[in-house]
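Novice: To be precise about what I am sending: the file is called start.tsv and holds TSV, C-alpha atoms and all ligand atoms.
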```tsv
chain	number	residue	atom	x	y	z
A	19	MET	CA	-136.20	-71.63	87.72
A	20	THR	CA	-137.19	-75.25	87.03
A	21	ALA	CA	-135.10	-75.06	83.84
A	22	VAL	CA	-132.17	-73.46	85.71
A	23	HIS	CA	-132.22	-76.03	88.51
A	24	LEU	CA	-132.48	-78.94	86.04
A	25	LEU	CA	-129.48	-77.65	84.09
A	26	ARG	CA	-127.43	-77.01	87.23
A	27	SER	CA	-128.22	-80.43	88.72
A	28	TRP	CA	-128.26	-82.76	85.71
A	29	PRO	CA	-126.51	-81.05	82.74
A	30	ALA	CA	-125.58	-84.42	81.27
A	31	HIS	CA	-129.16	-85.68	81.20
A	32	VAL	CA	-131.46	-82.88	80.08
A	33	SER	CA	-132.27	-81.04	76.94
A	34	ILE	CA	-134.86	-78.35	77.55
A	35	LEU	CA	-137.36	-76.60	75.32
A	36	LEU	CA	-138.68	-73.57	77.18
A	37	PHE	CA	-141.84	-72.03	75.72
A	38	GLU	CA	-142.87	-68.47	76.51
A	39	SER	CA	-145.78	-66.68	74.87
A	40	THR	CA	-144.44	-63.17	75.60
A	41	ASN	CA	-141.10	-61.65	74.63
A	42	GLU	CA	-139.89	-61.72	78.22
A	43	PRO	CA	-139.12	-65.21	79.52
A	44	GLY	CA	-138.76	-65.24	83.30
A	45	LYS	CA	-140.99	-62.32	84.22
A	46	GLY	CA	-144.59	-63.55	84.22
A	47	VAL	CA	-147.48	-61.40	85.46
A	48	ALA	CA	-145.82	-60.51	88.78
A	49	TYR	CA	-142.57	-59.08	87.46
A	50	THR	CA	-143.76	-57.56	84.19
A	51	THR	CA	-144.18	-54.07	85.58
A	52	ASN	CA	-142.60	-50.82	84.54
A	53	THR	CA	-143.07	-48.99	87.78
A	54	SER	CA	-140.62	-49.22	90.66
A	55	GLY	CA	-143.58	-48.48	92.95
A	56	HIS	CA	-144.70	-52.11	92.62
A	57	LEU	CA	-142.84	-53.87	95.39
A	58	LEU	CA	-142.22	-57.51	96.27
A	59	ASN	CA	-144.47	-58.69	99.08
A	60	VAL	CA	-141.63	-60.74	100.57
A	61	ALA	CA	-138.45	-59.23	102.11
A	62	ALA	CA	-135.32	-59.52	99.91
A	63	ARG	CA	-133.62	-61.96	102.32
A	64	ASN	CA	-136.39	-64.48	101.55
A	65	MET	CA	-136.39	-64.08	97.75
A	66	SER	CA	-133.22	-65.96	96.77
A	67	ALA	CA	-133.56	-68.14	93.68
A	68	PHE	CA	-131.22	-70.69	95.28
A	69	PRO	CA	-132.15	-72.31	98.63
A	70	GLU	CA	-128.52	-73.18	99.30
A	71	GLU	CA	-127.55	-69.48	98.93
A	72	PRO	CA	-130.22	-67.63	100.92
A	73	LEU	CA	-128.59	-64.22	100.38
A	74	HIS	CA	-128.15	-64.62	96.62
A	75	PHE	CA	-130.80	-61.98	95.81
A	76	VAL	CA	-129.48	-59.63	98.53
A	77	HIS	CA	-125.96	-59.87	97.02
A	78	TRP	CA	-127.36	-59.30	93.53
A	79	LEU	CA	-129.14	-56.14	94.76
A	80	LYS	CA	-126.01	-54.89	96.56
A	81	GLN	CA	-124.01	-54.75	93.31
A	82	LEU	CA	-126.55	-52.30	91.83
A	83	PRO	CA	-125.54	-48.61	92.18
A	84	GLU	CA	-128.75	-47.73	94.07
A	85	TYR	CA	-128.06	-50.33	96.79
A	86	HIS	CA	-124.28	-50.19	96.85
A	87	LEU	CA	-123.97	-48.04	99.98
A	88	ARG	CA	-126.43	-50.03	102.08
A	89	ASN	CA	-125.34	-52.93	104.24
A	90	GLU	CA	-126.55	-56.49	103.64
A	91	GLU	CA	-128.78	-56.63	106.69
A	92	GLU	CA	-130.61	-53.47	105.66
A	93	ILE	CA	-131.07	-54.72	102.07
A	94	GLY	CA	-132.30	-58.08	103.38
A	95	GLN	CA	-135.21	-56.37	105.12
A	96	LEU	CA	-136.29	-54.33	102.11
A	97	PHE	CA	-139.30	-54.99	99.91
A	98	ALA	CA	-137.48	-54.39	96.63
A	99	PRO	CA	-139.18	-53.28	93.38
A	100	ARG	CA	-140.69	-56.26	91.53
A	101	LEU	CA	-139.16	-55.09	88.25
A	102	LEU	CA	-135.70	-55.67	89.78
A	103	PHE	CA	-136.68	-59.21	90.75
A	104	GLY	CA	-137.78	-59.77	87.14
A	105	ARG	CA	-134.32	-58.63	85.97
A	106	TYR	CA	-132.69	-60.91	88.56
A	107	ILE	CA	-134.57	-63.99	87.33
A	108	GLN	CA	-133.97	-63.09	83.67
A	109	GLU	CA	-130.23	-62.69	84.30
A	110	ILE	CA	-130.04	-66.09	86.02
A	111	LEU	CA	-131.92	-67.73	83.15
A	112	GLN	CA	-129.78	-66.01	80.52
A	113	ARG	CA	-126.51	-66.87	82.29
A	114	THR	CA	-127.53	-70.53	82.60
A	115	ALA	CA	-128.63	-70.59	78.95
A	116	ASN	CA	-125.25	-69.10	77.90
A	117	GLU	CA	-123.39	-71.75	79.94
A	118	HIS	CA	-125.36	-74.57	78.31
A	119	PRO	CA	-126.26	-73.28	74.83
A	120	ASP	CA	-126.78	-76.79	73.43
A	121	LEU	CA	-129.09	-77.88	76.22
A	122	ILE	CA	-131.75	-75.18	76.31
A	123	SER	CA	-133.80	-73.53	73.59
A	124	ILE	CA	-136.04	-70.62	74.50
A	125	ILE	CA	-138.95	-70.68	72.07
A	126	LYS	CA	-141.09	-67.54	72.10
A	127	GLN	CA	-144.33	-69.17	71.05
A	128	ARG	CA	-147.60	-69.90	72.85
A	129	VAL	CA	-148.30	-73.58	73.43
A	130	THR	CA	-151.86	-74.36	72.39
A	131	SER	CA	-152.03	-78.09	73.03
A	132	CYS	CA	-150.11	-80.89	74.70
A	133	LYS	CA	-151.07	-84.50	73.97
A	134	LYS	CA	-149.62	-87.82	75.02
A	135	ASN	CA	-148.57	-90.02	72.12
A	136	GLY	CA	-147.14	-93.36	73.33
A	137	ASP	CA	-144.07	-92.53	75.45
A	138	GLU	CA	-143.83	-88.91	74.38
A	139	PHE	CA	-145.80	-85.69	74.45
A	140	ILE	CA	-146.62	-83.71	71.34
A	141	LEU	CA	-146.86	-79.95	71.78
A	142	GLN	CA	-148.47	-77.61	69.27
A	143	THR	CA	-147.86	-73.87	69.24
A	144	ALA	CA	-149.95	-70.95	68.01
A	145	ALA	CA	-147.30	-70.37	65.34
A	146	GLY	CA	-148.24	-73.78	63.88
A	147	ASN	CA	-145.10	-75.64	64.97
A	148	SER	CA	-145.00	-79.05	66.56
A	149	PHE	CA	-142.47	-80.35	69.13
A	150	SER	CA	-142.02	-83.59	71.04
A	151	ALA	CA	-140.87	-84.07	74.64
A	152	ASP	CA	-140.34	-86.92	77.11
A	153	LYS	CA	-141.57	-84.92	80.07
A	154	VAL	CA	-143.59	-81.73	80.37
A	155	VAL	CA	-143.59	-79.18	83.22
A	156	LEU	CA	-146.63	-76.89	83.19
A	157	ALA	CA	-145.43	-73.58	84.67
A	158	THR	CA	-148.10	-71.37	83.18
A	159	GLY	CA	-148.48	-69.21	86.29
A	160	ASN	CA	-151.35	-67.07	87.48
A	161	PHE	CA	-154.58	-66.81	85.56
A	162	LEU	CA	-156.60	-63.64	85.44
A	163	PRO	CA	-159.10	-63.12	88.26
A	164	GLY	CA	-162.62	-64.43	87.66
A	165	LYS	CA	-165.69	-62.23	87.29
A	166	PRO	CA	-166.86	-60.94	90.69
A	167	LYS	CA	-170.06	-62.70	91.84
A	168	GLY	CA	-173.34	-60.93	91.24
A	169	ILE	CA	-172.09	-58.72	88.40
A	170	PRO	CA	-174.21	-59.01	85.25
A	171	ALA	CA	-172.61	-59.95	81.93
A	172	SER	CA	-173.59	-56.56	80.45
A	173	PHE	CA	-171.39	-54.85	83.05
A	174	THR	CA	-168.35	-56.92	82.09
A	175	LEU	CA	-168.81	-55.95	78.43
A	176	SER	CA	-168.41	-52.27	79.29
A	177	THR	CA	-165.21	-50.57	78.10
A	178	ARG	CA	-165.00	-49.09	81.62
A	179	TYR	CA	-164.62	-52.53	83.17
A	180	PHE	CA	-161.09	-54.01	83.38
A	181	LYS	CA	-160.93	-57.72	84.01
A	182	ASN	CA	-157.13	-57.65	84.02
A	183	PRO	CA	-155.91	-55.39	86.85
A	184	TRP	CA	-152.34	-55.59	85.52
A	185	ASP	CA	-153.30	-54.29	82.06
A	186	PRO	CA	-151.50	-50.90	81.89
A	187	SER	CA	-154.52	-49.32	80.17
A	188	ALA	CA	-156.59	-50.05	83.31
A	189	VAL	CA	-154.64	-47.44	85.25
A	190	LYS	CA	-154.07	-44.99	82.40
A	191	SER	CA	-157.59	-44.44	81.15
A	192	THR	CA	-159.24	-43.02	84.29
A	193	GLU	CA	-161.27	-39.84	84.09
A	194	ASP	CA	-161.00	-37.00	86.61
A	195	LYS	CA	-164.73	-36.52	87.02
A	196	HIS	CA	-165.49	-40.16	87.87
A	197	PRO	CA	-164.09	-42.06	90.84
A	198	VAL	CA	-162.50	-45.46	90.20
A	199	LEU	CA	-163.96	-48.52	91.92
A	200	ILE	CA	-161.55	-51.32	92.74
A	201	VAL	CA	-163.11	-54.62	93.76
A	202	GLY	CA	-160.75	-56.18	96.33
A	203	THR	CA	-158.58	-54.69	99.08
A	204	GLY	CA	-155.42	-56.80	98.88
A	205	LEU	CA	-152.03	-56.41	97.22
A	206	THR	CA	-153.45	-56.13	93.70
A	207	MET	CA	-155.55	-53.19	94.89
A	208	VAL	CA	-152.35	-51.54	96.18
A	209	ASP	CA	-150.73	-52.13	92.76
A	210	VAL	CA	-153.66	-50.49	90.99
A	211	VAL	CA	-153.72	-47.50	93.37
A	212	ILE	CA	-149.99	-46.97	92.83
A	213	GLY	CA	-150.45	-47.21	89.05
A	214	ILE	CA	-153.36	-44.74	89.00
A	215	THR	CA	-151.87	-42.17	91.38
A	216	GLU	CA	-148.56	-42.15	89.51
A	217	ASN	CA	-150.50	-40.68	86.57
A	218	LYS	CA	-153.19	-38.83	88.50
A	219	PRO	CA	-152.33	-38.05	92.12
A	220	GLN	CA	-155.77	-36.44	92.71
A	221	GLN	CA	-157.82	-39.36	91.37
A	222	LYS	CA	-160.63	-40.40	93.73
A	223	ILE	CA	-160.54	-44.16	94.30
A	224	ILE	CA	-162.93	-46.42	96.19
A	225	ALA	CA	-161.74	-49.91	97.17
A	226	LEU	CA	-164.34	-52.44	98.23
A	227	SER	CA	-163.76	-55.84	99.75
A	228	PRO	CA	-166.41	-58.36	98.68
A	229	LYS	CA	-165.61	-60.36	101.82
A	230	GLY	CA	-165.54	-57.34	104.12
A	231	TYR	CA	-161.82	-57.48	104.86
A	232	GLU	CA	-159.99	-54.46	106.18
A	233	ILE	CA	-156.71	-53.49	104.55
A	234	LEU	CA	-154.19	-55.55	106.48
A	235	SER	CA	-150.57	-54.65	107.04
A	236	HIS	CA	-147.66	-57.06	106.61
A	237	LYS	CA	-146.99	-58.93	109.85
A	238	GLN	CA	-143.72	-60.42	111.03
A	239	TYR	CA	-143.96	-64.09	111.95
A	240	GLY	CA	-141.13	-66.20	113.27
A	241	HIS	CA	-140.31	-69.68	111.99
A	242	GLN	CA	-143.01	-72.27	112.59
A	243	PRO	CA	-141.12	-75.46	113.55
A	244	ALA	CA	-144.39	-77.40	114.09
A	245	ILE	CA	-144.79	-77.83	110.34
A	246	LEU	CA	-141.49	-79.74	110.06
A	247	GLU	CA	-142.80	-82.43	112.43
A	248	GLU	CA	-145.57	-83.20	109.97
A	249	LEU	CA	-143.55	-83.20	106.76
A	250	HIS	CA	-142.20	-86.60	105.84
A	251	PRO	CA	-141.16	-87.86	102.40
A	252	PRO	CA	-142.39	-89.16	100.06
A	253	TYR	CA	-144.28	-85.90	99.64
A	254	ARG	CA	-147.65	-85.82	97.94
A	255	LEU	CA	-148.98	-82.52	96.72
A	256	ASP	CA	-152.49	-82.99	98.15
A	257	GLN	CA	-151.05	-83.95	101.57
A	258	LEU	CA	-148.72	-80.94	101.54
A	259	VAL	CA	-151.64	-78.63	100.78
A	260	THR	CA	-153.63	-80.10	103.70
A	261	ILE	CA	-150.69	-79.76	106.12
A	262	PHE	CA	-149.90	-76.19	105.04
A	263	ARG	CA	-153.55	-75.11	105.30
A	264	LYS	CA	-153.80	-76.60	108.79
A	265	GLN	CA	-150.62	-74.83	109.93
A	266	ILE	CA	-151.66	-71.51	108.41
A	267	LYS	CA	-154.96	-71.76	110.30
A	268	ALA	CA	-153.11	-72.51	113.53
A	269	VAL	CA	-150.80	-69.49	113.06
B	301	LIG	C1	-149.15	-59.05	90.99
B	301	LIG	C2	-148.41	-60.18	91.64
B	301	LIG	C3	-147.42	-59.91	92.58
B	301	LIG	C4	-146.69	-60.95	93.16
B	301	LIG	N1	-145.70	-60.65	94.05
B	301	LIG	C5	-144.95	-61.65	94.57
B	301	LIG	C6	-143.86	-61.39	95.47
B	301	LIG	O1	-143.61	-60.24	95.81
B	301	LIG	N2	-143.12	-62.42	95.92
B	301	LIG	C7	-143.41	-63.72	95.58
B	301	LIG	O2	-142.70	-64.62	96.02
B	301	LIG	N3	-144.44	-63.99	94.74
B	301	LIG	C8	-145.21	-63.00	94.24
B	301	LIG	N4	-146.25	-63.29	93.42
B	301	LIG	C9	-146.52	-64.65	93.08
B	301	LIG	C10	-145.70	-64.93	91.82
B	301	LIG	O3	-146.51	-64.83	90.70
B	301	LIG	C11	-145.06	-66.25	91.90
B	301	LIG	O4	-144.21	-66.27	93.01
B	301	LIG	C12	-144.21	-66.58	90.66
B	301	LIG	O5	-143.78	-65.46	89.97
B	301	LIG	C13	-145.05	-67.41	89.76
B	301	LIG	O6	-144.15	-67.94	88.83
B	301	LIG	P1	-144.64	-68.92	87.74
B	301	LIG	O7	-143.44	-69.28	86.94
B	301	LIG	O8	-145.45	-70.00	88.35
B	301	LIG	O9	-145.66	-68.07	86.86
B	301	LIG	P2	-145.39	-66.77	86.00
B	301	LIG	O10	-144.28	-65.97	86.54
B	301	LIG	O11	-146.73	-66.10	85.83
B	301	LIG	O12	-144.90	-67.33	84.60
B	301	LIG	C14	-145.74	-68.08	83.74
B	301	LIG	C15	-145.28	-67.81	82.34
B	301	LIG	O13	-145.88	-68.74	81.48
B	301	LIG	C16	-146.22	-68.08	80.28
B	301	LIG	N5	-147.28	-68.87	79.67
B	301	LIG	C17	-148.53	-69.11	80.17
B	301	LIG	N6	-149.22	-69.90	79.33
B	301	LIG	C18	-148.40	-70.17	78.28
B	301	LIG	C19	-148.55	-70.94	77.09
B	301	LIG	N7	-149.69	-71.60	76.81
B	301	LIG	N8	-147.50	-71.00	76.22
B	301	LIG	C20	-146.34	-70.35	76.50
B	301	LIG	N9	-146.14	-69.60	77.62
B	301	LIG	C21	-147.17	-69.51	78.49
B	301	LIG	C22	-146.66	-66.69	80.72
B	301	LIG	O14	-146.54	-65.77	79.65
B	301	LIG	C23	-145.67	-66.42	81.85
B	301	LIG	O15	-144.52	-65.74	81.43
B	301	LIG	C24	-147.00	-62.28	92.83
B	301	LIG	C25	-148.02	-62.54	91.90
B	301	LIG	C26	-148.71	-61.51	91.31
B	301	LIG	C27	-149.78	-61.84	90.31
```
Please express what this file holds, its structure, as structure tokens.
Specialist:
Amino acid sequence: MTAVHLLRSWPAHVSILLFESTNEPGKGVAYTTNTSGHLLNVAARNMSAFPEEPLHFVHWLKQLPEYHLRNEEEIGQLFAPRLLFGRYIQEILQRTANEHPDLISIIKQRVTSCKKNGDEFILQTAAGNSFSADKVVLATGNFLPGKPKGIPASFTLSTRYFKNPWDPSAVKSTEDKHPVLIVGTGLTMVDVVIGITENKPQQKIIALSPKGYEILSHKQYGHQPAILEELHPPYRLDQLVTIFRKQIKAV
């Protein structure tokens, strides 16, 4: 979306190299899922890619055959499948790339290093290519979860231990006679349960929260105008984080 917004706002001034290590630019961990059981955790009315068009995603959903008969308000309240959101973002990226073919190159290679050299940056890729850029945006997304505390290294070497909860083999290789233990009771746990039970509805699963949290349902909060009183440009990332944390605590 950074690339899309740059091209929409300053087409005369940018030339973009977009690097993606997978074959699917635009999806990332969250939207690379093949099951429609994995839902967005934000209602459709709040998932528009364009702040100036808050219902953009709702309108995009409405033109799909499965949503055609529903009204906008109803669609806006839905938690749509994440795979559809991945398609939505990919379509936006592709359309923008088609409109500006000379200004954006999508390079399906993993960047392995980025070094400053005078006024420019030099990027190396795993394929052995080298590129230069004036500015670099790091949009590398979510990293895999860390090792849970207190678990010995020998445990993590086991073929029965899955560090990556989004690895499809984690949900496909369960055995009937052994229950599955999921460490964590949040949204990722829900993803894993959906993945396992799609293949094995009878699978026994135990979910454990290291911090002792119960499974919490989604709550509806209204707008929080207090935060606006504290936000004044020029914005600094560390100040924004402090303000947001304070407001979240207050809510
Ligand atoms: C399971 C899950 C569910 C989520 N659900 C929601 C939701 O419902 N609603 C919501 O708003 N947010 C959700 N999020 C948060 C969501 O991830 C972010 O909102 C958003 O997708 C993050 O986008 P991103 O571009 O920062 O990272 P990503 O979408 O992860 O994209 C990063 C991309 O960079 C690529 N990359 C990384 N390193 C390199 C490299 N060295 N070279 C080349 N390419 C590289 C990766 O392959 C990836 O495609 C969810 C997150 C997860 C993990």
Novice: Record the distance separating atom CA of Asn59 of chain A and atom C22 of ligand LIG 301 (chain B), expressed in Å with one decimal.
Specialist: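 Taking atom CA of Asn59 of chain A and atom C22 of ligand LIG 301 (chain B), their separation equals 20.1 Å.
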Novice: Might you pull out every residue within 8 Å of segment 221-230 of chain A, with only C-alpha atoms counted and same-chain residues fewer than 3 positions away left off, and present them as a list of chain:residue names?
Specialist: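 With the cut-off at 8 Å, the set is A:Asp194, A:His196, A:Pro197, A:Val198, A:Leu199, A:Ile200, A:Val201, A:Gly202, A:Thr203, A:Met207, A:Val211, A:Ile214, A:Thr215, A:Lys218.
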Novice: Kindly indicate which residue among A:Arg254, A:Lys181, A:Lys45, A:Lys195 lies nearest to ligand LIG 301 (chain B), using only C-alpha atoms and all ligand atoms for the distances.
Specialist: A:Lys45
Novice: Have a look at A:Gln220, A:Asn135, A:Leu205, A:Thr158 and name the one nearest to Leu234 of chain A; count all atoms listed in the file.
Specialist: A:Leu205
Novice: Which is closer to Pro186 of chain A than all the others in A:Pro72, A:Gly168, A:Gly213, A:Pro163, using only C-alpha atoms?
Specialist: A:Gly213
Novice: Nearest residue to Asn41 of chain A out of A:Ser176, A:Lys126, A:Ile107, A:Lys80, using only C-alpha atoms?
Specialist: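 The answer is A:Lys126, which sits nearest to Asn41 of chain A.
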Novice: Go through chain A residue by residue and, counting only C-alpha atoms and all ligand atoms, keep those with an atom at most 8 Å from ligand LIG 301 (chain B); for each kept residue give the shortest atom pair and its distance in Å to one decimal, ordered by chain and increasing number, as CSV.
Specialist:
```
residue,atom,partner,partner_atom,distance
A:Met19,CA,B:LIG301,O7,7.7
A:Phe37,CA,B:LIG301,C20,4.9
A:Glu38,CA,B:LIG301,N9,3.6
A:Ser39,CA,B:LIG301,N9,4.0
A:Thr40,CA,B:LIG301,O14,5.3
A:Glu42,CA,B:LIG301,O15,6.9
A:Pro43,CA,B:LIG301,O15,5.8
A:Gly44,CA,B:LIG301,O15,6.1
A:Lys45,CA,B:LIG301,O10,5.4
A:Gly46,CA,B:LIG301,O10,3.4
A:Val47,CA,B:LIG301,O11,4.8
A:Ala48,CA,B:LIG301,C2,3.9
A:Tyr49,CA,B:LIG301,O5,7.0
A:Leu57,CA,B:LIG301,O1,6.4
A:Leu58,CA,B:LIG301,O1,3.1
A:Asn59,CA,B:LIG301,O1,3.7
A:Val60,CA,B:LIG301,N2,5.2
A:Met65,CA,B:LIG301,O2,6.6
A:Phe97,CA,B:LIG301,O1,7.9
A:Arg100,CA,B:LIG301,O1,6.5
A:Lys126,CA,B:LIG301,C20,7.4
A:Gln127,CA,B:LIG301,C20,5.9
A:Arg128,CA,B:LIG301,N8,3.5
A:Val129,CA,B:LIG301,N8,3.9
A:Thr130,CA,B:LIG301,N7,5.6
A:Ser131,CA,B:LIG301,N7,7.9
A:Thr143,CA,B:LIG301,N8,7.6
A:Ala157,CA,B:LIG301,O8,5.1
A:Thr158,CA,B:LIG301,C17,3.8
A:Gly159,CA,B:LIG301,O9,3.1
A:Asn160,CA,B:LIG301,O11,5.0
A:Phe161,CA,B:LIG301,O11,7.9
A:Trp184,CA,B:LIG301,C1,7.2
A:Leu205,CA,B:LIG301,C1,7.4
A:Thr206,CA,B:LIG301,C1,5.9
A:Asp209,CA,B:LIG301,C1,7.3
```
